[in-house]
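Visitor: Pasting a structure here, questions to come.
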Amino acid sequence: MIITLFLTIYEWSLSVVISILLFPIALILFILTSLFDKRKIILHQFSCFWATILIWLQPLWKVNWEGKENFKKDETYVIISNHQSLIDILVIYSLFKHFKWVAKNTLLQVPLIGWNMALNDHIVVKRSDTKSQLKMMKHAERTLKSGSSVMIFPEGTRSLNGEVGRFKRGAFILSEKTESSVIPIALYNIDKTIKKNSFWVNKALDMKAKVFPPVYPKDFKNSKEMSAGVKEIIANQLEEWRK
């Protein structure tokens, strides 16, 4: 309990301090690069550093990555991952690959971190609003066509028990429409850090993450079959890690 209390105070305090220090730099980068960096590549790389430093400075967290070489330079993907914790976002940022998040609209209201997401022109959706969902899909299509990958959690919410939940089909419909390949990422033991519906921070030295080779929509009959196939890839990997 003492370790958990220490980690919780340390990590949340670190997040606040780092965000206060780095947001002004992000704002300056946004202003200086807006005219020539339409895709916000420079700002995104800085955001990756911002997120990753929160892992680097946490001595009782360790992420073991596999398969980073499956990302090919200058290729555009629909990136999908299972969703276990708030820390998933930091872990995926630590890839330092260029993409735009599909994020719920309320995240943009978070001071500093949400404001930085707005500067990066991430794709926002209001879950319960059909019009917002359609707008999100069109924004995501434009993003892929402009040369930026799109990152989506197809479960839509964090898992309560670490198991892979039901995949919504939006990411796979997007892949089908734009003829973009899907890059699956499996995350394991990330839920040890911060459980869903909790703010307590815990030790997690055995977190794992794996990037799989691209999956192509032409290899499936439809988006429903593709969704099931990609979910199976991730679920099988989690099962293998558990053994």
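Every chain in the structure tokens takes a letter, A first, then B, and so on in the order presented; its residues are numbered from 1, and the ligands are numbered from 1 following the presented order.
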Which polymer residues have any atom within 12 Å of an atom of segment 193-204 of chain A, counting only C-alpha atoms, with same-chain residues fewer than 3 positions away left out, as a PyMOL selection string?
Guide: chain A and resi 1-13+55+58-64+83-88+90-91+157-162+188-190+207-208
Visitor: Give me, as a list in words, the residues of segment 172-213 of chain A that a backbone DSSP run labels alpha helix (DSSP H).
Guide: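 Written out, the alpha helix (DSSP H) residues of segment 172-213 of chain A are Phe172, Ile173, Leu174, Ser175, Glu176, Lys177 and Thr178 of chain A.
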Visitor: Could the residues in this selection be written to a file with C-alpha atoms, as a PDB file, in the first residue's frame?
Guide:
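Contents of selection-v2.pdb, as written:
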```
ATOM      1  CA  PHE A 172     -12.190  -1.763 -40.339  1.00  0.00           C
ATOM      2  CA  ILE A 173     -14.815   0.058 -42.402  1.00  0.00           C
ATOM      3  CA  LEU A 174     -12.309   2.916 -42.591  1.00  0.00           C
ATOM      4  CA  SER A 175      -9.612   0.491 -43.758  1.00  0.00           C
ATOM      5  CA  GLU A 176     -11.950  -0.930 -46.392  1.00  0.00           C
ATOM      6  CA  LYS A 177     -13.079   2.491 -47.677  1.00  0.00           C
ATOM      7  CA  THR A 178      -9.577   3.925 -47.980  1.00  0.00           C
TER       8      THR A 178
END
```
Visitor: Where in segment 115-228 of chain A does DSSP assign strand (DSSP E), given as a compact mmCIF listing (two decimals) with C-alpha atoms, in the first residue's frame?
Guide:
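Writing the result to result39.txt gives the following:
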```txt
# COMPACT_ATOMS: atom_id res chain seq x y z
CA ILE A 123 -9.86 13.28 -34.57
CA VAL A 124 -12.62 13.86 -32.06
CA VAL A 125 -15.84 11.90 -31.61
CA SER A 149 -1.98 7.19 -40.07
CA VAL A 150 -5.03 6.95 -37.78
CA MET A 151 -4.95 5.29 -34.35
CA ILE A 152 -8.18 3.76 -32.98
CA SER A 181 -3.84 -1.73 -44.23
CA VAL A 182 -4.43 -2.28 -40.53
CA ILE A 183 -1.52 -2.54 -38.09
CA PRO A 184 -2.61 -4.49 -34.97
CA ILE A 185 -0.89 -3.83 -31.63
CA ALA A 186 -1.28 -6.16 -28.65
CA LEU A 187 -0.86 -4.68 -25.16
CA TYR A 188 -0.42 -6.86 -22.08
CA ALA A 204 4.38 -2.83 -13.62
CA LEU A 205 7.79 -4.12 -14.67
CA ASP A 206 6.40 -6.78 -17.02
CA MET A 207 4.35 -4.75 -19.52
CA LYS A 208 4.49 -6.09 -23.06
CA ALA A 209 3.59 -4.59 -26.43
CA LYS A 210 3.80 -6.13 -29.89
CA VAL A 211 3.33 -4.65 -33.36
```
Visitor: Identify which of the residues A:Phe212, A:Lys168, A:Ser19, A:Lys224 lies closest to Gly114 of chain A, counting only C-alpha atoms when measuring atom-to-atom distances.
Guide: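 Under the stated criterion, the closest residue is A:Ser19.
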Visitor: Residues near Phe46 of chain A, anyone? I mean within 12 Å using only C-alpha atoms, not counting same-chain ones fewer than 5 positions away, as an MDAnalysis selection string.
Guide: chainID A and resid 22:30 40:41 51:53 93:94 96:98 116:117 119:120
Visitor: Can you write out as a Markdown table which residues of segment 74-135 of chain A fall within 10 Å of segment 227-243 of chain A, alongside each residue's closest atom pair and its distance in Å to one decimal, counting only C-alpha atoms and ordering rows by chain and ascending residue number?
Guide:
```
| residue | atom | partner | partner_atom | distance |
| --- | --- | --- | --- | --- |
| A:Ile80 | CA | A:Val230 | CA | 9.0 |
| A:Ser81 | CA | A:Ile234 | CA | 8.1 |
| A:Asn82 | CA | A:Ile234 | CA | 7.4 |
```
Visitor: Could you please take those selected residues and save C-alpha atoms as a PDB file, in the first residue's frame?
Guide:
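Listing of out_19.pdb after writing:
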```
ATOM      1  CA  ILE A  80      -5.569  -0.485 -33.777  1.00  0.00           C
ATOM      2  CA  SER A  81      -4.894  -1.825 -30.302  1.00  0.00           C
ATOM      3  CA  ASN A  82      -6.657  -3.483 -27.408  1.00  0.00           C
TER       4      ASN A  82
END
```
Visitor: Just want the 7 Å neighbourhood of Thr76 of chain A, counted on only C-alpha atoms, with same-chain residues fewer than 4 positions away dropped. Output as a ChimeraX atom specification.
Guide: /A:144,147-149
Visitor: Choose the residue, out of A:Leu108, A:Glu163, A:Asp121, A:Asp74, that has the smallest atom-to-atom separation from Lys38 of chain A; count only C-alpha atoms.
Guide: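 Closest to Lys38 of chain A, using only C-alpha atoms: A:Asp121.
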Visitor: Nearest to Val164 of chain A among A:Leu43, A:Ser132, A:Asn105, A:Asp191, with distances taken over only C-alpha atoms: which residue is it?
Guide: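 Checking each of A:Leu43, A:Ser132, A:Asn105, A:Asp191 against Val164 of chain A, counting only C-alpha atoms, the winner is A:Asp191.
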Visitor: Mind pulling up the distance from atom CA of Pro154 of chain A to atom CA of Arg169 of chain A?
Guide: 7.1 Å
Visitor: Can you measure atom CA of Trp115 of chain A to atom CA of Arg39 of chain A for me? One decimal in Å is fine.
Guide: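 Result for atom CA of Trp115 of chain A versus atom CA of Arg39 of chain A: 17.0 Å, one decimal.
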Visitor: Between A:Gly170, A:Pro111, A:Gly156, A:Gly165, which is the closest to Ser223 of chain A once you count only C-alpha atoms?
Guide: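 The shortest atom-to-atom distance to Ser223 of chain A comes from A:Gly170.
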